[in-house]
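Coordinates as given in data.pdb (PDB, C-alpha atoms):
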ATOM      1  CA  MET A 741      64.463  47.652   6.053
ATOM      2  CA  LYS A 742      60.690  47.490   6.372
ATOM      3  CA  ARG A 743      58.931  46.888   3.073
ATOM      4  CA  ASN A 744      56.181  49.202   1.954
ATOM      5  CA  ILE A 745      53.346  46.686   1.492
ATOM      6  CA  PRO A 746      50.070  48.067   0.147
ATOM      7  CA  HIS A 747      47.387  47.997   2.778
ATOM      8  CA  GLU A 748      44.949  45.996   0.628
ATOM      9  CA  ILE A 749      47.181  42.877   0.401
ATOM     10  CA  GLU A 750      48.394  42.798   4.012
ATOM     11  CA  PRO A 751      45.532  40.518   5.158
ATOM     12  CA  LEU A 752      46.846  37.806   2.825
ATOM     13  CA  LYS A 753      50.222  37.683   4.579
ATOM     14  CA  ALA A 754      48.673  35.705   7.412
ATOM     15  CA  LEU A 755      48.020  32.904   4.909
ATOM     16  CA  GLN A 756      51.659  32.593   3.826
ATOM     17  CA  GLU A 757      52.442  30.197   6.671
ATOM     18  CA  PHE A 758      49.941  27.697   5.237
ATOM     19  CA  THR A 759      51.155  27.570   1.626
ATOM     20  CA  THR A 760      54.201  27.895  -0.603
ATOM     21  CA  ALA A 761      52.011  29.471  -3.295
ATOM     22  CA  ARG A 762      52.985  32.991  -4.284
ATOM     23  CA  ILE A 763      50.570  35.160  -2.356
ATOM     24  CA  ALA A 764      51.075  38.618  -0.830
ATOM     25  CA  ILE A 765      54.441  39.058  -2.547
ATOM     26  CA  GLY A 766      54.212  42.842  -2.585
ATOM     27  CA  ARG A 767      55.104  45.183  -5.422
ATOM     28  CA  VAL A 768      57.527  47.915  -6.438
ATOM     29  CA  GLY A 769      55.787  50.498  -8.557
ATOM     30  CA  THR A 770      53.951  48.499 -11.228
ATOM     31  CA  SER A 771      56.185  45.431 -10.894
ATOM     32  CA  ILE A 772      56.979  42.783  -8.286
ATOM     33  CA  PRO A 773      59.981  43.064  -5.927
ATOM     34  CA  LEU A 774      63.363  41.931  -7.269
ATOM     35  CA  LYS A 775      63.674  39.061  -4.777
ATOM     36  CA  GLN A 776      60.281  37.670  -5.742
ATOM     37  CA  SER A 777      61.185  37.977  -9.415
ATOM     38  CA  LEU A 778      64.418  36.014  -8.887
ATOM     39  CA  ASP A 779      62.617  33.416  -6.753
ATOM     40  CA  PHE A 780      60.114  32.894  -9.567
ATOM     41  CA  LYS A 781      62.877  32.342 -12.139
ATOM     42  CA  LEU A 782      64.642  29.903  -9.819
ATOM     43  CA  ALA A 783      61.435  27.927  -9.265
ATOM     44  CA  HIS A 784      60.855  27.803 -13.016
ATOM     45  CA  ALA A 785      64.397  26.461 -13.509
ATOM     46  CA  HIS A 786      63.783  23.760 -10.876
ATOM     47  CA  ALA A 787      60.581  22.730 -12.663
ATOM     48  CA  ARG A 788      62.392  22.414 -16.019
ATOM     49  CA  ASP A 789      65.203  20.437 -14.404
ATOM     50  CA  ALA A 790      62.660  18.071 -12.851
ATOM     51  CA  VAL A 791      61.043  17.324 -16.223
ATOM     52  CA  TYR A 792      64.409  16.314 -17.680
ATOM     53  CA  SER A 793      65.689  14.535 -14.555
ATOM     54  CA  GLU A 794      66.489  10.808 -14.744
ATOM     55  CA  LEU A 795      65.244   7.931 -12.650
ATOM     56  CA  ASP A 796      68.016   6.721 -10.345
ATOM     57  CA  ILE A 797      67.004   3.154 -11.040
ATOM     58  CA  ASN A 798      70.062   1.453  -9.565
ATOM     59  CA  HIS A 799      69.785   3.329  -6.273
ATOM     60  CA  LEU A 800      66.041   2.685  -6.053
ATOM     61  CA  THR A 801      66.582  -1.000  -6.825
ATOM     62  CA  ASP A 802      69.109  -1.161  -4.018
ATOM     63  CA  VAL A 803      66.958   0.528  -1.361
ATOM     64  CA  PHE A 804      63.758  -1.279  -2.392
ATOM     65  CA  LYS A 805      65.455  -4.604  -1.614
ATOM     66  CA  ARG A 806      64.657  -3.837   2.022
ATOM     67  CA  PHE A 807      61.007  -4.684   1.255
ATOM     68  CA  ASP A 808      61.993  -8.283   0.466
ATOM     69  CA  LEU A 809      60.064  -8.353  -2.818
ATOM     70  CA  PRO A 810      61.267  -9.145  -6.354
ATOM     71  CA  ILE A 811      62.149  -5.973  -8.274
ATOM     72  CA  LEU A 812      61.754  -5.631 -12.040
ATOM     73  CA  GLN A 813      63.490  -2.968 -14.127
ATOM     74  CA  LEU A 814      61.163  -2.137 -17.018
ATOM     75  CA  HIS A 815      61.016   0.421 -19.835
ATOM     76  CA  SER A 816      58.229   1.960 -21.868
ATOM     77  CA  ARG A 817      58.293   2.180 -25.668
ATOM     78  CA  VAL A 818      59.890   5.632 -25.416
ATOM     79  CA  THR A 819      63.534   5.748 -26.533
ATOM     80  CA  HIS A 820      64.497   9.259 -25.364
ATOM     81  CA  ARG A 821      63.092  12.134 -23.272
ATOM     82  CA  ARG A 822      62.097  14.368 -26.154
ATOM     83  CA  GLN A 823      60.028  11.522 -27.561
ATOM     84  CA  TYR A 824      58.465  11.011 -24.116
ATOM     85  CA  LEU A 825      57.174  14.591 -24.182
ATOM     86  CA  GLN A 826      55.977  14.414 -27.791
ATOM     87  CA  ARG A 827      54.430  10.922 -27.779
ATOM     88  CA  PRO A 828      52.475  10.319 -24.544
ATOM     89  CA  ASP A 829      51.043   7.125 -26.087
ATOM     90  CA  PHE A 830      54.516   5.527 -26.171
ATOM     91  CA  GLY A 831      54.922   6.209 -22.444
ATOM     92  CA  ARG A 832      51.739   4.272 -21.676
ATOM     93  CA  LYS A 833      52.983   0.972 -23.131
ATOM     94  CA  LEU A 834      55.826  -1.364 -22.208
ATOM     95  CA  ASN A 835      58.443  -2.276 -24.785
ATOM     96  CA  GLU A 836      58.698  -5.874 -25.968
ATOM     97  CA  ALA A 837      61.649  -6.773 -23.730
ATOM     98  CA  SER A 838      59.772  -5.644 -20.628
ATOM     99  CA  LEU A 839      56.624  -7.545 -21.619
ATOM    100  CA  SER A 840      58.712 -10.686 -22.028
ATOM    101  CA  LEU A 841      60.224 -10.170 -18.585
ATOM    102  CA  LEU A 842      56.774 -10.135 -16.992
ATOM    103  CA  GLU A 843      56.033 -13.618 -18.362
ATOM    104  CA  ASP A 844      58.173 -15.123 -15.597
ATOM    105  CA  TYR A 845      55.887 -13.654 -12.898
ATOM    106  CA  PHE A 846      52.404 -14.817 -13.920
ATOM    107  CA  ILE A 847      51.155 -15.509 -10.399
ATOM    108  CA  GLN A 848      47.780 -14.316  -9.094
ATOM    109  CA  THR A 849      48.387 -11.544  -6.541
ATOM    110  CA  ASP A 850      46.503  -8.660  -4.958
ATOM    111  CA  ILE A 851      48.586  -5.557  -5.659
ATOM    112  CA  ALA A 852      51.191  -4.631  -8.260
ATOM    113  CA  ILE A 853      53.282  -1.632  -7.167
ATOM    114  CA  ILE A 854      54.672   0.336 -10.091
ATOM    115  CA  VAL A 855      57.182   3.179  -9.636
ATOM    116  CA  ALA A 856      57.600   5.341 -12.752
ATOM    117  CA  ASP A 857      59.486   8.570 -13.444
ATOM    118  CA  GLY A 858      56.582  10.448 -15.045
ATOM    119  CA  LEU A 859      57.234  14.189 -15.361
ATOM    120  CA  SER A 860      59.561  14.434 -12.353
ATOM    121  CA  ALA A 861      62.047  11.643 -11.707
ATOM    122  CA  THR A 862      63.409  13.909  -8.967
ATOM    123  CA  ALA A 863      60.178  13.461  -7.032
ATOM    124  CA  VAL A 864      60.351   9.689  -7.403
ATOM    125  CA  ASN A 865      64.018   9.494  -6.449
ATOM    126  CA  GLU A 866      63.447  11.539  -3.295
ATOM    127  CA  ASN A 867      60.060  10.351  -2.030
ATOM    128  CA  THR A 868      58.988   6.859  -3.094
ATOM    129  CA  PHE A 869      61.122   4.915  -0.632
ATOM    130  CA  GLY A 870      59.836   6.991   2.294
ATOM    131  CA  LEU A 871      56.251   6.492   1.165
ATOM    132  CA  LEU A 872      56.596   2.735   0.625
ATOM    133  CA  LYS A 873      58.296   2.395   4.000
ATOM    134  CA  GLU A 874      55.037   3.624   5.557
ATOM    135  CA  LEU A 875      52.637   1.986   3.110
ATOM    136  CA  ILE A 876      53.887  -1.584   2.644
ATOM    137  CA  PRO A 877      53.668  -2.539   6.360
ATOM    138  CA  LEU A 878      50.080  -1.216   6.448
ATOM    139  CA  LEU A 879      49.101  -3.259   3.394
ATOM    140  CA  LEU A 880      50.824  -6.382   4.710
ATOM    141  CA  ALA A 881      49.031  -6.024   8.042
ATOM    142  CA  ALA A 882      45.737  -5.819   6.112
ATOM    143  CA  GLY A 883      46.555  -9.156   4.468
ATOM    144  CA  PHE A 884      47.350  -8.058   0.917
ATOM    145  CA  LYS A 885      49.817 -10.011  -1.240
ATOM    146  CA  PHE A 886      52.205  -8.281  -3.618
ATOM    147  CA  ALA A 887      53.433  -8.821  -7.131
ATOM    148  CA  PRO A 888      57.054  -7.773  -7.799
ATOM    149  CA  ILE A 889      57.792  -4.038  -7.546
ATOM    150  CA  SER A 890      58.170  -2.621 -11.055
ATOM    151  CA  LEU A 891      60.587   0.249 -11.677
ATOM    152  CA  VAL A 892      59.723   1.855 -15.012
ATOM    153  CA  GLU A 893      61.769   4.343 -17.014
ATOM    154  CA  GLN A 894      59.945   6.830 -19.276
ATOM    155  CA  GLY A 895      56.571   5.685 -17.970
ATOM    156  CA  ARG A 896      53.179   7.386 -17.710
ATOM    157  CA  VAL A 897      50.261   6.537 -15.427
ATOM    158  CA  ALA A 898      48.481   4.176 -17.818
ATOM    159  CA  ILE A 899      51.510   1.912 -18.067
ATOM    160  CA  GLY A 900      50.251   0.447 -14.796
ATOM    161  CA  ASP A 901      47.393  -1.117 -16.789
ATOM    162  CA  ASP A 902      49.809  -3.146 -18.907
ATOM    163  CA  ILE A 903      51.869  -4.202 -15.918
ATOM    164  CA  GLY A 904      49.008  -5.034 -13.561
ATOM    165  CA  TYR A 905      47.230  -7.046 -16.249
ATOM    166  CA  ASN A 906      50.303  -9.033 -17.251
ATOM    167  CA  LEU A 907      51.222  -9.719 -13.629
ATOM    168  CA  LYS A 908      47.654 -10.910 -12.968
ATOM    169  CA  ALA A 909      47.301  -8.460 -10.086
ATOM    170  CA  GLN A 910      43.814  -7.466  -8.906
ATOM    171  CA  LEU A 911      44.904  -3.867  -8.410
ATOM    172  CA  SER A 912      47.717  -1.691  -9.734
ATOM    173  CA  LEU A 913      49.240   1.117  -7.674
ATOM    174  CA  VAL A 914      51.328   3.557  -9.714
ATOM    175  CA  LEU A 915      53.641   5.956  -7.862
ATOM    176  CA  ILE A 916      54.763   8.585 -10.350
ATOM    177  CA  GLY A 917      56.390  12.013 -10.515
ATOM    178  CA  GLU A 918      53.738  14.680 -11.059
ATOM    179  CA  ARG A 919      53.924  17.595 -13.454
ATOM    180  CA  PRO A 920      56.192  20.107 -11.622
ATOM    181  CA  GLY A 921      54.613  23.255 -10.273
ATOM    182  CA  LEU A 922      56.486  26.481  -9.606
ATOM    183  CA  SER A 923      56.576  25.714  -5.888
ATOM    184  CA  SER A 924      56.533  21.912  -6.012
ATOM    185  CA  ALA A 925      58.883  20.145  -8.417
ATOM    186  CA  ASP A 926      59.038  17.129  -6.103
ATOM    187  CA  SER A 927      55.452  15.851  -5.832
ATOM    188  CA  VAL A 928      54.547  12.186  -6.181
ATOM    189  CA  GLY A 929      51.092  11.052  -7.235
ATOM    190  CA  ALA A 930      49.638   7.637  -6.340
ATOM    191  CA  TYR A 931      47.122   6.198  -8.836
ATOM    192  CA  LEU A 932      45.227   3.015  -8.024
ATOM    193  CA  THR A 933      43.186   0.973 -10.491
ATOM    194  CA  TYR A 934      41.101  -2.082  -9.645
ATOM    195  CA  ALA A 935      41.120  -4.857 -12.291
ATOM    196  CA  PRO A 936      43.753  -3.165 -14.474
ATOM    197  CA  LYS A 937      43.827  -4.009 -18.162
ATOM    198  CA  PRO A 938      45.022  -2.288 -21.353
ATOM    199  CA  GLY A 939      42.678   0.349 -22.721
ATOM    200  CA  LEU A 940      41.381   1.835 -19.468
ATOM    201  CA  THR A 941      41.144   5.617 -19.143
ATOM    202  CA  ASP A 942      41.493   8.018 -16.241
ATOM    203  CA  GLU A 943      37.954   7.652 -14.905
ATOM    204  CA  SER A 944      38.970   4.125 -13.853
ATOM    205  CA  ARG A 945      41.531   5.402 -11.343
ATOM    206  CA  ASN A 946      41.706   7.117  -7.962
ATOM    207  CA  CYS A 947      44.544   9.488  -7.199
ATOM    208  CA  VAL A 948      46.258  10.674  -4.023
ATOM    209  CA  SER A 949      48.327  13.704  -4.986
ATOM    210  CA  ASN A 950      51.037  16.074  -3.736
ATOM    211  CA  ILE A 951      52.925  13.459  -1.700
ATOM    212  CA  ARG A 952      56.155  15.079  -0.438
ATOM    213  CA  PRO A 953      57.554  16.361   2.861
ATOM    214  CA  LYS A 954      56.099  19.863   2.336
ATOM    215  CA  GLY A 955      52.788  18.559   0.994
ATOM    216  CA  LEU A 956      50.921  15.399   1.994
ATOM    217  CA  THR A 957      53.306  13.565   4.313
ATOM    218  CA  TYR A 958      54.226   9.920   3.743
ATOM    219  CA  LYS A 959      52.284   8.737   6.804
ATOM    220  CA  LYS A 960      49.078  10.566   5.883
ATOM    221  CA  ALA A 961      49.355   9.500   2.243
ATOM    222  CA  ALA A 962      49.894   5.854   3.246
ATOM    223  CA  LYS A 963      46.751   5.878   5.408
ATOM    224  CA  LYS A 964      44.694   7.430   2.609
ATOM    225  CA  ILE A 965      46.004   4.942   0.023
ATOM    226  CA  LEU A 966      45.299   2.025   2.377
ATOM    227  CA  TYR A 967      41.721   3.257   2.836
ATOM    228  CA  LEU A 968      41.114   3.575  -0.914
ATOM    229  CA  ILE A 969      42.668   0.188  -1.685
ATOM    230  CA  SER A 970      40.625  -1.500   1.041
ATOM    231  CA  GLU A 971      37.433   0.066  -0.322
ATOM    232  CA  ALA A 972      38.379  -0.891  -3.892
ATOM    233  CA  PHE A 973      38.736  -4.549  -2.899
ATOM    234  CA  LYS A 974      35.572  -4.455  -0.817
ATOM    235  CA  ARG A 975      33.489  -2.974  -3.648
ATOM    236  CA  LYS A 976      35.511  -4.487  -6.545
ATOM    237  CA  LEU A 977      35.846  -1.182  -8.390
ATOM    238  CA  SER A 978      37.857   2.024  -8.552
ATOM    239  CA  GLY A 979      37.670   5.416 -10.235
ATOM    240  CA  VAL A 980      34.685   7.732 -10.315
ATOM    241  CA  GLU A 981      32.460   5.141  -8.638
ATOM    242  CA  LEU A 982      34.773   4.848  -5.638
ATOM    243  CA  LYS A 983      34.285   7.831  -3.338
ATOM    244  CA  ASP A 984      36.506   8.908  -0.477
ATOM    245  CA  ASN A 985      34.140   8.879   2.496
ATOM    246  CA  ALA A 986      36.875   8.771   5.102
ATOM    247  CA  GLY A 987      36.594  12.503   5.774
ATOM    248  CA  LEU A 988      39.351  15.077   5.908
ATOM    249  CA  LEU A 989      42.846  14.187   7.001
ATOM    250  CA  ASP A 990      43.700  15.306  10.499
ATOM    251  CA  SER A 991      46.139  18.171  10.987
ATOM    252  CA  HIS A 992      48.657  16.219  13.084
TER     253      HIS A 992
END
Structure re-expressed in structure tokens:
Amino acid sequence: MKRNIPHEIEPLKALQEFTTARIAIGRVGTSIPLKQSLDFKLAHAHARDAVYSELDINHLTDVFKRFDLPILQLHSRVTHRRQYLQRPDFGRKLNEASLSLLEDYFIQTDIAIIVADGLSATAVNENTFGLLKELIPLLLAAGFKFAPISLVEQGRVAIGDDIGYNLKAQLSLVLIGERPGLSSADSVGAYLTYAPKPGLTDESRNCVSNIRPKGLTYKKAAKKILYLISEAFKRKLSGVELKDNAGLLDSH
């Protein structure tokens, strides 16, 4: 049956093919249609599930072996998920056992790759292997050397400072599950920091966001990350002083 869509919102329908955002959803009287209401509640449930999802660390360890790099299983100072949400500072630091583990890998390298659950382990479980499969060959071809890949449970972005510093890496690259949106509970963010060390804040980092099949594809994200890392090494800095002058991503 044809829906009775108010004339004033019809022009927005043409934009629906470009976004999963809730635009031009119509209305019934003073409310929204039943289907849209149910879709909203389902999306909200997916977002909550993503926040409480768990890192599939054994599976990720297994598939990451294909990159032929040492893999470290690390943990922040957080002991349970509720504490993770209430004490962000605990999620930014490694626990003592993890710090001790890093002592065996004090070798000067270029890049430390850190994979952390963040606010959506679902996003990390589903997308990080696909992204690294595109990214690592590009970085190797550019001549970069890697520290071990770190898999971190209950980690936040700044935990990459601890890890990069203790691994003596010149740059840390943190792949982490982003805060779930109501149409994107599966987004990965990539944060890179040149000369990582404890105590840095967010202005020291660059971020490539919304990495997922329905957002920024793995191939496009890998090219953008490669560009930013190359510029960071060339200029020996990152963050607000490192601008993205590569232009817009192509549409193909």
### Task
Would you list the contacts of A:Val928 as a PyMOL selection string, taking every protein, DNA or RNA residue within 9 Å and counting only C-alpha atoms, but skipping same-chain residues closer than 3 positions in sequence?
chain A and resi 860+863-864+867-868+915-918+948-952
Write a file of the just-selected residues containing C-alpha atoms, as an mmCIF file, in the frame of the given file.
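Wrote it out as out-v8.cif, contents follow:
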data_model
loop_
_atom_site.group_PDB
_atom_site.id
_atom_site.type_symbol
_atom_site.label_atom_id
_atom_site.label_comp_id
_atom_site.auth_asym_id
_atom_site.auth_seq_id
_atom_site.Cartn_x
_atom_site.Cartn_y
_atom_site.Cartn_z
ATOM 1 C CA SER A 860 59.561 14.434 -12.353
ATOM 2 C CA ALA A 863 60.178 13.461 -7.032
ATOM 3 C CA VAL A 864 60.351 9.689 -7.403
ATOM 4 C CA ASN A 867 60.060 10.351 -2.030
ATOM 5 C CA THR A 868 58.988 6.859 -3.094
ATOM 6 C CA LEU A 915 53.641 5.956 -7.862
ATOM 7 C CA ILE A 916 54.763 8.585 -10.350
ATOM 8 C CA GLY A 917 56.390 12.013 -10.515
ATOM 9 C CA GLU A 918 53.738 14.680 -11.059
ATOM 10 C CA VAL A 948 46.258 10.674 -4.023
ATOM 11 C CA SER A 949 48.327 13.704 -4.986
ATOM 12 C CA ASN A 950 51.037 16.074 -3.736
ATOM 13 C CA ILE A 951 52.925 13.459 -1.700
ATOM 14 C CA ARG A 952 56.155 15.079 -0.438
#
### A:Leu834 environment, 6 Å, all atoms listed in the file, sequence neighbours closer than 3 positions dropped, as a ChimeraX atom specification
/A:815-817
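The spacing separating atom CA of A:Arg806 from atom CA of A:Ala790 amounts to 26.6 Å.
Of note, atom CA of A:Tyr845 and atom CA of A:Tyr934 are spaced 19.1 Å apart.
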Where's the centre, and what are the edge lengths in Å to one decimal, of a box along x, y and z enclosing all listed atoms of stretch 800-808 of chain A padded 8 Å per side, as lines of an AutoDock Vina configuration file?
center_x = 65.1
center_y = -2.8
center_z = -2.4
size_x = 24.1
size_y = 27.0
size_z = 24.8
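Counting from atom CA of A:Gly939, the distance to atom CA of A:Val818 is 18.2 Å.
Each of A:Glu971, A:Ala909, A:Ile853, A:Gly883 was compared to A:Tyr931 using only C-alpha atoms, and A:Ile853 turns out to be the nearest.
With distances restricted to only C-alpha atoms, A:His784 is the closest residue to A:Gly921 from A:Arg767, A:Arg832, A:Lys775, A:His784.
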### Task
Using all atoms listed in the file, find the one residue out of A:Asp942, A:Asp789, A:Asp901, A:Glu843 that sits nearest to A:Leu859.
A:Asp789
